[in-house]
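K.L.:
Just input33.txt, nothing more (compact mmCIF, C-alpha atoms):
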# COMPACT_ATOMS: atom_id res chain seq x y z
CA MET C 1 23.43 6.63 -17.87
CA LEU C 2 21.22 3.52 -17.76
CA ASP C 3 18.45 2.46 -20.08
CA VAL C 4 15.71 1.46 -17.61
CA GLY C 5 12.43 -0.33 -18.23
CA VAL C 6 9.83 -0.06 -15.46
CA VAL C 7 7.01 -2.60 -15.61
CA GLY C 8 3.92 -1.13 -13.93
CA GLY C 9 2.77 2.47 -13.78
CA GLY C 10 1.31 2.50 -10.27
CA THR C 11 2.70 4.21 -7.18
CA ALA C 12 5.93 2.20 -6.95
CA GLY C 13 6.65 2.26 -10.69
CA CYS C 14 5.97 5.97 -11.17
CA ALA C 15 7.96 6.95 -8.08
CA ALA C 16 10.94 4.86 -9.23
CA ALA C 17 10.64 6.31 -12.73
CA ALA C 18 10.61 9.87 -11.37
CA PHE C 19 13.67 9.36 -9.14
CA LEU C 20 15.68 7.58 -11.86
CA ALA C 21 14.75 9.99 -14.65
CA ARG C 22 15.82 12.91 -12.48
CA GLN C 23 19.23 11.26 -12.20
CA GLY C 24 19.51 11.39 -15.99
CA HIS C 25 18.66 7.78 -16.84
CA ALA C 26 16.53 6.96 -19.88
CA VAL C 27 13.35 5.52 -18.34
CA THR C 28 10.45 3.80 -20.10
CA VAL C 29 7.37 2.79 -18.11
CA TYR C 30 5.17 -0.03 -19.44
CA GLU C 31 1.57 0.02 -18.17
CA ARG C 32 -1.29 -2.29 -19.17
CA VAL C 33 -3.98 0.40 -18.69
CA GLU C 34 -4.47 2.54 -21.78
CA ASN C 35 -5.57 5.66 -19.91
CA PRO C 36 -4.20 5.57 -16.36
CA GLY C 37 -6.31 7.50 -13.91
CA PRO C 38 -7.13 7.87 -10.23
CA VAL C 39 -8.83 4.70 -8.98
CA GLY C 40 -9.11 2.83 -5.68
CA ALA C 41 -10.22 3.61 -2.17
CA GLY C 42 -8.61 5.43 0.71
CA ILE C 43 -5.24 4.44 2.13
CA THR C 44 -3.01 5.80 4.87
CA LEU C 45 0.22 7.64 4.21
CA GLN C 46 2.51 7.32 7.18
CA PRO C 47 5.50 9.52 8.11
CA SER C 48 7.74 7.11 6.18
CA GLY C 49 5.78 7.49 2.94
CA LEU C 50 5.40 11.24 3.39
CA ALA C 51 9.20 11.54 3.69
CA VAL C 52 9.56 9.98 0.23
CA LEU C 53 6.94 12.31 -1.26
CA ARG C 54 8.88 15.24 0.21
CA ALA C 55 12.01 13.97 -1.52
CA LEU C 56 9.99 13.87 -4.75
CA GLY C 57 8.74 17.40 -4.14
CA VAL C 58 5.03 16.49 -4.21
CA ALA C 59 4.22 16.16 -0.49
CA ASP C 60 2.58 19.57 -0.12
CA GLU C 61 0.07 19.02 -2.91
CA VAL C 62 -0.79 15.54 -1.61
CA ILE C 63 -1.22 16.74 1.97
CA ALA C 64 -3.45 19.58 0.75
CA ARG C 65 -5.94 17.02 -0.60
CA GLY C 66 -5.62 14.54 2.25
CA ALA C 67 -7.04 14.33 5.76
CA PRO C 68 -4.35 14.52 8.45
CA PHE C 69 -5.26 12.67 11.62
CA LYS C 70 -3.50 12.05 14.90
CA THR C 71 -5.31 9.02 16.35
CA LEU C 72 -5.94 5.37 15.49
CA LEU C 73 -8.84 3.97 17.52
CA CYS C 74 -10.06 0.37 17.62
CA THR C 75 -13.13 -0.46 19.73
CA THR C 76 -15.54 -3.33 20.19
CA GLY C 77 -19.18 -3.05 19.23
CA THR C 78 -19.96 -2.20 22.87
CA GLY C 79 -17.65 0.81 22.72
CA ARG C 80 -14.80 -0.73 24.74
CA ALA C 81 -11.45 0.62 23.57
CA LEU C 82 -8.96 -2.06 22.55
CA LEU C 83 -6.38 0.19 20.95
CA SER C 84 -5.86 3.93 20.96
CA LEU C 85 -2.62 5.18 19.44
CA SER C 86 -1.58 8.80 19.09
CA TYR C 87 1.14 9.89 16.67
CA ASP C 88 2.25 12.35 19.35
CA ASP C 89 3.80 9.39 21.19
CA ALA C 90 6.29 9.17 18.30
CA SER C 91 6.71 12.87 17.52
CA ALA C 92 4.68 16.02 17.90
CA ALA C 93 5.18 16.61 14.18
CA ALA C 94 4.05 13.13 13.11
CA PHE C 95 0.62 12.39 11.69
CA GLY C 96 -1.17 9.93 9.48
CA LEU C 97 -2.68 11.15 6.22
CA GLY C 98 -5.89 9.56 5.02
CA ILE C 99 -5.83 9.97 1.26
CA HIS C 100 -7.50 8.68 -1.87
CA ARG C 101 -5.05 6.39 -3.66
CA GLY C 102 -5.72 8.37 -6.84
CA VAL C 103 -4.30 11.57 -5.34
CA ILE C 104 -0.93 9.88 -4.83
CA PHE C 105 -1.09 8.38 -8.31
CA GLU C 106 -1.73 11.76 -9.94
CA ALA C 107 1.23 13.30 -8.11
CA VAL C 108 3.81 10.60 -8.84
CA TYR C 109 2.55 10.04 -12.41
CA ARG C 110 3.00 13.72 -13.19
CA ALA C 111 6.40 13.77 -11.44
CA ALA C 112 7.60 10.88 -13.61
CA ARG C 113 6.41 12.54 -16.83
CA GLU C 114 7.91 15.91 -15.90
CA ALA C 115 11.22 14.19 -15.12
CA GLY C 116 11.30 12.83 -18.67
CA ALA C 117 10.10 9.25 -18.26
CA ARG C 118 8.44 7.83 -21.37
CA PHE C 119 5.18 5.89 -20.96
CA VAL C 120 4.05 2.99 -23.15
CA LEU C 121 0.39 2.42 -22.31
CA GLY C 122 -2.07 -0.38 -23.01
CA VAL C 123 0.56 -3.16 -23.08
CA THR C 124 0.85 -6.30 -20.98
CA CYS C 125 4.35 -7.50 -20.09
CA GLU C 126 4.40 -11.30 -20.10
CA ASP C 127 8.03 -12.32 -20.15
CA LEU C 128 11.66 -11.28 -19.73
CA VAL C 129 14.25 -12.77 -22.07
CA ARG C 130 17.91 -12.23 -22.78
CA PRO C 131 18.36 -11.35 -26.47
CA PRO C 132 21.02 -13.23 -28.45
CA ARG C 133 22.76 -9.92 -29.01
CA GLY C 134 23.08 -7.19 -26.44
CA LYS C 135 25.12 -8.48 -23.53
CA GLY C 136 23.83 -7.39 -20.15
CA ARG C 137 20.41 -6.38 -21.46
CA LEU C 138 16.90 -7.77 -21.06
CA GLU C 139 14.03 -7.82 -23.50
CA ILE C 140 10.50 -7.21 -22.20
CA MET C 141 8.00 -9.33 -24.15
CA GLY C 142 4.37 -8.42 -24.69
CA ALA C 143 1.29 -10.64 -24.54
CA ASP C 144 1.49 -11.30 -28.28
CA GLY C 145 5.07 -12.56 -27.99
CA ARG C 146 6.55 -9.45 -29.54
CA PRO C 147 9.36 -7.49 -27.86
CA LEU C 148 8.30 -4.21 -26.27
CA GLY C 149 11.76 -2.93 -25.44
CA THR C 150 15.30 -3.87 -24.46
CA HIS C 151 16.88 -2.42 -21.33
CA GLN C 152 19.96 -2.59 -19.14
CA LEU C 153 17.79 -2.59 -16.00
CA VAL C 154 14.23 -3.82 -15.54
CA VAL C 155 12.29 -2.65 -12.48
CA VAL C 156 9.29 -4.91 -11.86
CA ALA C 157 6.54 -2.95 -10.12
CA ASP C 158 3.36 -4.50 -11.51
CA GLY C 159 1.71 -5.41 -8.22
CA ALA C 160 0.84 -8.46 -6.16
CA ARG C 161 -0.37 -10.44 -9.18
CA SER C 162 2.87 -9.93 -11.09
CA GLN C 163 3.55 -12.60 -13.69
CA LEU C 164 7.20 -11.62 -13.93
CA ARG C 165 8.17 -13.16 -10.58
CA ASP C 166 8.24 -16.48 -12.46
CA GLU C 167 11.10 -15.12 -14.53
CA THR C 168 13.58 -15.50 -11.69
CA VAL C 169 15.08 -18.26 -9.56
CA ILE C 170 14.72 -16.15 -6.41
CA PRO C 171 13.02 -18.22 -3.66
CA LYS C 172 9.51 -16.91 -3.18
CA HIS C 173 6.17 -17.61 -1.57
CA VAL C 174 2.95 -16.26 -3.10
CA ALA C 175 -0.45 -16.91 -1.55
CA GLN C 176 -3.87 -15.30 -1.52
CA TYR C 177 -5.47 -14.53 1.82
CA PRO C 178 -8.94 -16.05 2.25
CA TRP C 179 -10.12 -12.67 3.55
CA GLY C 180 -10.53 -9.23 2.03
CA ALA C 181 -12.75 -6.17 2.29
CA LEU C 182 -15.82 -4.63 0.72
CA TRP C 183 -15.19 -0.88 0.45
CA PHE C 184 -16.84 2.35 -0.52
CA VAL C 185 -15.77 6.02 -0.58
CA GLY C 186 -18.51 8.32 0.73
CA LYS C 187 -18.94 11.95 1.71
CA ASP C 188 -18.41 13.34 5.20
CA PRO C 189 -20.40 16.61 5.21
CA SER C 190 -19.98 17.19 8.96
CA GLY C 191 -16.23 16.54 8.91
CA GLU C 192 -16.56 14.61 12.17
CA LEU C 193 -15.42 11.33 10.60
CA SER C 194 -12.23 12.93 9.27
CA LYS C 195 -10.47 13.28 12.62
CA VAL C 196 -9.77 9.66 13.60
CA LEU C 197 -9.07 6.36 11.85
CA HIS C 198 -11.70 4.26 13.62
CA GLN C 199 -12.19 0.49 13.46
CA VAL C 200 -14.97 -1.41 15.22
CA VAL C 201 -14.54 -5.16 15.69
CA ASP C 202 -16.68 -8.07 16.79
CA GLY C 203 -14.34 -10.98 17.34
CA ASN C 204 -11.95 -11.49 14.46
CA GLN C 205 -14.61 -12.18 11.83
CA ARG C 206 -16.50 -8.88 11.73
CA MET C 207 -14.88 -5.49 11.35
CA ILE C 208 -15.96 -2.13 9.95
CA GLY C 209 -13.56 0.77 9.52
CA LEU C 210 -13.82 4.46 8.70
CA LEU C 211 -10.70 6.00 7.18
CA PRO C 212 -10.53 9.78 6.59
CA THR C 213 -9.87 10.21 2.87
CA GLY C 214 -9.64 13.95 2.22
CA LYS C 215 -10.85 15.74 -0.89
CA GLY C 216 -10.34 13.09 -3.52
CA PRO C 217 -8.30 13.28 -6.75
CA LEU C 218 -7.97 16.71 -8.34
CA SER C 219 -9.16 15.42 -11.72
CA VAL C 220 -12.43 14.21 -10.18
CA GLY C 221 -13.11 17.72 -8.89
CA GLU C 222 -14.80 16.92 -5.58
CA ASP C 223 -13.41 19.12 -2.82
CA GLY C 224 -15.63 18.08 0.10
CA ALA C 225 -14.42 15.80 2.89
CA HIS C 226 -14.60 12.08 2.10
CA VAL C 227 -14.31 8.94 4.17
CA SER C 228 -13.57 5.36 3.10
CA LEU C 229 -15.73 2.66 4.63
CA PHE C 230 -14.31 -0.87 4.62
CA VAL C 231 -15.89 -4.06 5.92
CA SER C 232 -13.91 -7.24 6.57
CA VAL C 233 -15.32 -10.15 4.55
CA ARG C 234 -14.24 -13.71 3.85
CA ALA C 235 -13.97 -14.23 0.10
CA THR C 236 -16.29 -17.22 0.17
CA GLU C 237 -19.00 -15.10 1.82
CA VAL C 238 -19.12 -12.22 -0.67
CA ALA C 239 -21.82 -13.76 -2.88
CA ARG C 240 -24.02 -14.56 0.13
CA ILE C 241 -23.64 -11.05 1.56
CA ARG C 242 -24.56 -9.49 -1.77
CA ALA C 243 -27.55 -11.80 -2.13
CA ARG C 244 -28.93 -10.69 1.25
CA GLY C 245 -29.26 -7.19 -0.14
CA LEU C 246 -28.31 -3.65 0.79
CA ALA C 247 -30.83 -3.11 3.60
CA ALA C 248 -29.66 -6.15 5.54
CA PHE C 249 -26.02 -5.09 5.15
CA GLN C 250 -26.72 -1.54 6.29
CA ASP C 251 -28.73 -2.72 9.30
CA GLU C 252 -26.09 -5.22 10.43
CA TYR C 253 -23.19 -2.79 10.34
CA ALA C 254 -25.11 0.20 11.65
CA ARG C 255 -25.80 -1.86 14.77
CA LEU C 256 -22.12 -2.73 15.04
CA SER C 257 -21.00 0.88 14.44
CA PRO C 258 -23.66 3.60 14.77
CA THR C 259 -20.96 6.15 13.88
CA ALA C 260 -20.86 4.67 10.38
CA GLU C 261 -24.57 5.21 9.68
CA PRO C 262 -24.10 8.44 7.60
CA VAL C 263 -21.74 6.57 5.26
CA LEU C 264 -23.74 3.34 5.21
CA ALA C 265 -26.74 5.38 4.06
CA GLN C 266 -24.78 6.40 0.92
CA LEU C 267 -23.94 2.86 -0.20
CA PRO C 268 -24.77 1.84 -3.78
CA PRO C 269 -26.45 -1.51 -4.57
CA MET C 270 -24.41 -4.38 -3.18
CA ASP C 271 -23.28 -5.61 -6.59
CA GLN C 272 -21.56 -2.26 -7.15
CA MET C 273 -19.47 -2.40 -3.97
CA VAL C 274 -15.90 -3.39 -4.74
CA PHE C 275 -14.37 -6.44 -3.04
CA THR C 276 -10.59 -6.48 -2.67
CA GLN C 277 -8.76 -9.66 -1.68
CA TYR C 278 -5.26 -9.54 -0.26
CA HIS C 279 -2.06 -11.35 -1.19
CA ASP C 280 0.95 -12.46 0.80
CA VAL C 281 4.21 -12.30 -1.18
CA THR C 282 7.64 -12.98 0.29
CA MET C 283 10.95 -13.27 -1.52
CA TYR C 284 14.60 -12.49 -0.90
CA PRO C 285 16.72 -11.08 -2.35
CA TRP C 286 14.63 -8.73 -4.50
CA ASN C 287 17.14 -8.63 -7.32
CA THR C 288 18.91 -10.92 -9.70
CA GLY C 289 21.24 -9.92 -12.51
CA ASN C 290 19.74 -6.74 -13.88
CA VAL C 291 16.17 -7.22 -12.59
CA VAL C 292 14.80 -5.76 -9.35
CA TYR C 293 11.35 -6.19 -7.78
CA ILE C 294 9.71 -3.41 -5.77
CA GLY C 295 6.35 -2.65 -4.18
CA ASP C 296 3.64 -5.32 -4.00
CA ALA C 297 5.38 -7.34 -6.71
CA ALA C 298 8.12 -7.94 -4.14
CA HIS C 299 6.35 -7.97 -0.78
CA ALA C 300 2.55 -7.74 -0.89
CA MET C 301 0.89 -8.17 2.50
CA SER C 302 -2.39 -7.80 4.34
CA PRO C 303 -3.23 -4.11 4.99
CA GLN C 304 -3.64 -4.53 8.76
CA LEU C 305 -0.72 -2.20 9.47
CA GLY C 306 -1.51 0.14 6.57
CA GLN C 307 2.02 0.07 5.16
CA GLY C 308 1.75 -1.10 1.54
CA CYS C 309 2.02 2.25 -0.24
CA ASN C 310 4.59 3.55 2.24
CA LEU C 311 6.88 0.55 1.74
CA ALA C 312 6.55 0.86 -2.04
CA LEU C 313 7.53 4.53 -1.98
CA MET C 314 10.54 3.76 0.23
CA ASP C 315 11.58 1.00 -2.20
CA ALA C 316 11.63 3.48 -5.08
CA MET C 317 13.71 6.05 -3.22
CA VAL C 318 16.27 3.56 -1.86
CA LEU C 319 16.65 1.92 -5.28
CA ALA C 320 17.49 5.28 -6.86
CA GLU C 321 19.91 6.10 -4.04
CA LYS C 322 21.84 2.84 -4.52
CA ILE C 323 21.99 3.24 -8.29
CA ALA C 324 23.40 6.74 -7.77
CA THR C 325 25.97 5.42 -5.29
CA TYR C 326 27.38 2.39 -7.14
CA THR C 327 28.91 2.48 -10.61
CA TYR C 328 28.42 -1.27 -11.21
CA LEU C 329 24.71 -2.11 -11.55
CA PRO C 330 24.76 -5.58 -9.88
CA ASP C 331 26.48 -4.03 -6.84
CA ALA C 332 23.78 -1.35 -6.67
CA LEU C 333 20.97 -3.92 -6.80
CA ASP C 334 22.65 -6.14 -4.20
CA ALA C 335 23.02 -3.10 -1.94
CA TYR C 336 19.34 -2.28 -2.48
CA SER C 337 18.24 -5.72 -1.26
CA ARG C 338 20.55 -5.59 1.75
CA THR C 339 19.38 -2.10 2.71
CA ARG C 340 15.66 -2.90 2.43
CA ARG C 341 15.87 -6.31 4.12
CA SER C 342 15.33 -5.40 7.79
CA HIS C 343 12.54 -2.90 7.13
CA LEU C 344 10.56 -5.10 4.77
CA GLN C 345 11.03 -8.29 6.74
CA PHE C 346 9.93 -6.61 9.98
CA TYR C 347 6.63 -5.43 8.47
CA SER C 348 6.07 -8.70 6.64
CA TRP C 349 6.55 -10.59 9.91
CA ALA C 350 4.48 -8.15 11.99
CA THR C 351 1.61 -8.16 9.48
CA ARG C 352 1.55 -11.94 9.28
CA LEU C 353 1.52 -12.12 13.08
CA LEU C 354 -1.23 -9.51 13.52
CA THR C 355 -3.65 -10.46 10.75
CA PRO C 356 -5.29 -13.55 12.37
CA PHE C 357 -6.27 -11.40 15.38
CA PHE C 358 -8.41 -9.22 13.08
CA GLN C 359 -9.32 -11.47 10.17
CA GLY C 360 -9.43 -15.21 10.65
CA ASP C 361 -11.45 -18.37 11.09
CA GLU C 362 -10.31 -19.19 14.64
CA PRO C 363 -12.46 -17.16 17.11
CA TRP C 364 -10.00 -17.58 19.97
CA PHE C 365 -7.64 -15.14 18.24
CA GLY C 366 -10.28 -12.44 18.70
CA ILE C 367 -10.71 -13.37 22.34
CA LEU C 368 -6.97 -13.16 22.97
CA ARG C 369 -6.83 -9.78 21.22
CA ASP C 370 -9.66 -8.37 23.33
CA LEU C 371 -7.90 -9.51 26.50
CA GLY C 372 -4.32 -8.64 25.57
CA MET C 373 -4.42 -5.35 23.69
CA PRO C 374 -5.85 -3.20 26.51
CA MET C 375 -3.14 -4.57 28.81
CA MET C 376 -0.43 -3.83 26.23
CA MET C 377 -1.70 -0.26 25.94
CA ARG C 378 -0.99 0.27 29.65
CA VAL C 379 2.73 -0.46 29.14
CA PRO C 380 4.43 2.80 27.98
CA TRP C 381 7.23 1.01 26.10
CA MET C 382 4.77 -1.24 24.29
CA ARG C 383 2.51 1.69 23.37
CA ARG C 384 5.50 3.60 21.96
CA MET C 385 6.58 0.55 19.94
CA MET C 386 3.08 0.15 18.48
CA THR C 387 2.97 3.84 17.59
CA ARG C 388 6.37 3.76 15.89
CA SER C 389 5.30 0.62 14.05
CA MET C 390 2.22 2.51 12.85
CA CYS C 391 4.49 5.33 11.60
CA GLY C 392 6.21 2.88 9.26
CA THR C 393 9.72 3.48 10.59
CA LEU C 394 10.60 0.40 12.65
CA THR C 395 13.12 -2.08 11.34
CA SER C 396 13.29 -4.53 14.26
CA VAL C 397 11.55 -5.59 17.48
CA LEU C 398 14.47 -3.96 19.32
CA GLY C 399 13.19 -0.54 18.30
CA HIS C 400 15.67 0.26 15.54
CA GLU C 401 14.25 2.82 13.11
CA LEU C 402 14.78 4.16 9.62
CA ASP C 403 16.82 7.31 9.21
CA LEU C 404 14.25 9.30 7.24
CA PRO C 405 15.35 12.11 4.93
Output the structure of this file as structure tokens.

P.N.:
Amino acid sequence: MLDVGVVGGGTAGCAAAAFLARQGHAVTVYERVENPGPVGAGITLQPSGLAVLRALGVADEVIARGAPFKTLLCTTGTGRALLSLSYDDASAAAFGLGIHRGVIFEAVYRAAREAGARFVLGVTCEDLVRPPRGKGRLEIMGADGRPLGTHQLVVVADGARSQLRDETVIPKHVAQYPWGALWFVGKDPSGELSKVLHQVVDGNQRMIGLLPTGKGPLSVGEDGAHVSLFVSVRATEVARIRARGLAAFQDEYARLSPTAEPVLAQLPPMDQMVFTQYHDVTMYPWNTGNVVYIGDAAHAMSPQLGQGCNLALMDAMVLAEKIATYTYLPDALDAYSRTRRSHLQFYSWATRLLTPFFQGDEPWFGILRDLGMPMMMRVPWMRRMMTRSMCGTLTSVLGHELDLP
């Protein structure tokens, strides 16, 4: 049995804690938030992420509060279709699940607690040190310089802004994208917006999206259909957009996407809309000694392919599998990095390649996208590859896929 410290009580951390605690390991989760709760906007669970939730035994309850959809549609402001992908091209049983991030959190948080994981809340983990006594163990240090706990294995899952990446000699690249999104979760009384993930683009500098988001977290108690609205924004433009006021924002994006008008009409004052900026994090391997990095702490990326949560869930499951397989911890962590390499590097590469065509400062990327994507959609092999990429299962441009449980 291992003594495991998990830094970060989000999706990746709680999922890893649940899997490892079920194996009989002593797991302590350190989370900076004093009262963790369901926050954030809508995200997409793909078949890959849903497979992990099934292994955790929480998929049914998550699906019950989500919005299953079969189609991803991207059009121009004139209504011209650039991209239309159906999950049926991958499998008749496959679907995307639009879901409030908080629903997933509630499920994996409860799973970790029920498995026996201990939570230490309201603490910030600043450092990892090797104590003078206790060979093969690591001490997690708090913001005040005091030790929080000593563990045989530390799982770092504290997100894209993790400070603990500096505690390793692993080669890494960490950068902040100049672009992000203003977002809002609104109601969908008609239910018409809950059938398709729809994005409308104007070049590569204006985009509005509507993501079906289901019923919302159980603790919030809203059971009606919801939809997440997100608008692509350059970080340097956020203040100007807010200064223009709500009416100007609503008018501009209602003209770009009339379908979004019912949600735009629900927007709060502009200063209350949340802006999220993205990070790009690459490193390899994801382990050293008795430390392993998972989720956005290891491989944050732009959300253009909608894979962040799905990759994090897969990290947690594979890590637990390798620890169960190998008796020597360093061998298990090395095997984890080798196993996750092709999957994570494919999506990191594909996201980095795709992002400038949807969010960027060079207009010709948008022109190339508008010319090339409709032609790619006419090629059956290419359409299948794009659909399988959307499902979160590809591991190479040759079409190799994950063997999902």

K.L.:
Looking at C:Leu368, C:Cys391, C:Asp166, C:Pro356, which one is nearest to C:Ala93, with distances taken over all atoms listed in the file?

P.N.:
C:Cys391

K.L.:
Neighbours of C:Met283 within 8 Å (all atoms listed in the file; same-chain residues fewer than 4 positions away dropped), as a PyMOL selection string?

P.N.:
chain C and resi 170-173+298-299

K.L.:
Please identify every residue of stretch 213-321 of chain C that has at least one atom no farther than 7 Å from an atom of stretch 325-343 of chain C, counting all atoms listed in the file, and for each give the shortest atom pair and the distance in Å to one decimal, arranged by chain then increasing number, as a Markdown table.

P.N.:
| residue | atom | partner | partner_atom | distance |
| --- | --- | --- | --- | --- |
| C:Pro285 | CA | C:Ser337 | CA | 5.7 |
| C:Trp286 | CA | C:Ser337 | CA | 5.7 |
| C:Asn287 | CA | C:Leu333 | CA | 6.1 |
| C:Gly289 | CA | C:Pro330 | CA | 6.2 |
| C:Asn290 | CA | C:Pro330 | CA | 6.5 |
| C:Val292 | CA | C:Leu333 | CA | 6.9 |
| C:Val318 | CA | C:Tyr336 | CA | 6.6 |
| C:Leu319 | CA | C:Tyr336 | CA | 5.7 |
| C:Glu321 | CA | C:Thr325 | CA | 6.2 |

K.L.:
Could those selected residues go to a file with C-alpha atoms, as a PDB file, keeping the file's coordinate frame?

P.N.:
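Produced file out_3.pdb, reproduced below:
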ATOM      1  CA  PRO C 285      16.720 -11.080  -2.350  1.00  0.00           C
ATOM      2  CA  TRP C 286      14.630  -8.730  -4.500  1.00  0.00           C
ATOM      3  CA  ASN C 287      17.140  -8.630  -7.320  1.00  0.00           C
ATOM      4  CA  GLY C 289      21.240  -9.920 -12.510  1.00  0.00           C
ATOM      5  CA  ASN C 290      19.740  -6.740 -13.880  1.00  0.00           C
ATOM      6  CA  VAL C 292      14.800  -5.760  -9.350  1.00  0.00           C
ATOM      7  CA  VAL C 318      16.270   3.560  -1.860  1.00  0.00           C
ATOM      8  CA  LEU C 319      16.650   1.920  -5.280  1.00  0.00           C
ATOM      9  CA  GLU C 321      19.910   6.100  -4.040  1.00  0.00           C
TER      10      GLU C 321
END

K.L.:
Just to confirm, what's the straight-line distance from atom CA of C:Ile294 to atom CA of C:Ala312 in Å (one decimal)?

P.N.:
6.5 Å

K.L.:
Which residue is closest to C:Pro268? Choose from C:Val58, C:Val185, C:Leu85, C:Val27 and count all atoms listed in the file.

P.N.:
C:Val185

K.L.:
Any idea what's packed within 9 Å of C:Leu82, counting all atoms listed in the file, ignoring anything in its chain fewer than 3 positions away? Could you give it as JSON, numbers by chain?

P.N.:
{"C": [73, 74, 75, 76, 369, 370, 371, 372, 373, 374, 375, 377]}

K.L.:
List as a compact mmCIF listing (two decimals) with C-alpha atoms, in the coordinates of the input the protein and nucleic acid residues near stretch 142-155 of chain C, meaning an atom at most 8 Å away when all atoms listed in the file are counted, but skip any in the same chain fewer than 5 places from it.

P.N.:
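New file out_29.txt:
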# COMPACT_ATOMS: atom_id res chain seq x y z
CA LEU C 2 21.22 3.52 -17.76
CA ASP C 3 18.45 2.46 -20.08
CA VAL C 4 15.71 1.46 -17.61
CA GLY C 5 12.43 -0.33 -18.23
CA VAL C 6 9.83 -0.06 -15.46
CA VAL C 7 7.01 -2.60 -15.61
CA GLY C 13 6.65 2.26 -10.69
CA VAL C 123 0.56 -3.16 -23.08
CA THR C 124 0.85 -6.30 -20.98
CA CYS C 125 4.35 -7.50 -20.09
CA GLU C 126 4.40 -11.30 -20.10
CA ASP C 127 8.03 -12.32 -20.15
CA GLY C 136 23.83 -7.39 -20.15
CA ARG C 137 20.41 -6.38 -21.46
CA ASN C 290 19.74 -6.74 -13.88
CA VAL C 291 16.17 -7.22 -12.59
CA VAL C 292 14.80 -5.76 -9.35
CA TYR C 293 11.35 -6.19 -7.78
CA ILE C 294 9.71 -3.41 -5.77

K.L.:
Which of these residues is nearest to C:Arg22, using only C-alpha atoms: C:Ile241, C:Val196, C:Met317, C:Gly186?

P.N.:
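Looking only at the distances to C:Arg22, the closest residue turns out to be C:Met317.
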
K.L.:
Enter the distance from atom CA of C:Ala175 to atom CA of C:Tyr278, in Å, rounded to one decimal.

P.N.:
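That distance, rounded to one decimal, is 8.9 Å.
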
K.L.:
Which value, in Å to one decimal, gives the distance between atom CA of C:Ala117 and atom CA of C:Glu31?

P.N.:
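Atom-to-atom, atom CA of C:Ala117 and atom CA of C:Glu31 are spaced 12.6 Å apart.
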
K.L.:
Nearest residue to C:Leu256 out of C:Ala55, C:Leu72, C:Val201, C:Val103, using all atoms listed in the file?

P.N.:
C:Val201

K.L.:
Please provide as a PyMOL selection string all residues within 10 Å of C:Gly98, with the sequence filter that same-chain residues fewer than 5 positions apart are discarded (counting only C-alpha atoms).

P.N.:
chain C and resi 42-46+63+65-69+194-197+211-215+226-228

K.L.:
Point out the residue among C:Leu313, C:Cys14, C:Ala248, C:Val231 with the least atom-to-atom distance to C:Phe275, counting all atoms listed in the file.

P.N.:
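Among the listed residues, the smallest separation from C:Phe275 belongs to C:Val231.
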
K.L.:
Let me make sure I understand: among C:Ala157, C:Ala15, C:Ala260, C:Leu354, which one has the smallest atom-to-atom distance to C:Arg110 if we use only C-alpha atoms?

P.N.:
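Using only C-alpha atoms, C:Arg110 sits closest to C:Ala15.
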
K.L.:
Counting all atoms listed in the file, select every polymer residue within 10 Å of (1.3, -11.8, 1.7) as defined in the file's coordinates, and provide the selection as JSON, numbers by chain.

P.N.:
{"C": [160, 173, 174, 175, 176, 177, 278, 279, 280, 281, 282, 296, 298, 299, 300, 301, 302, 303, 348, 349, 351, 352]}
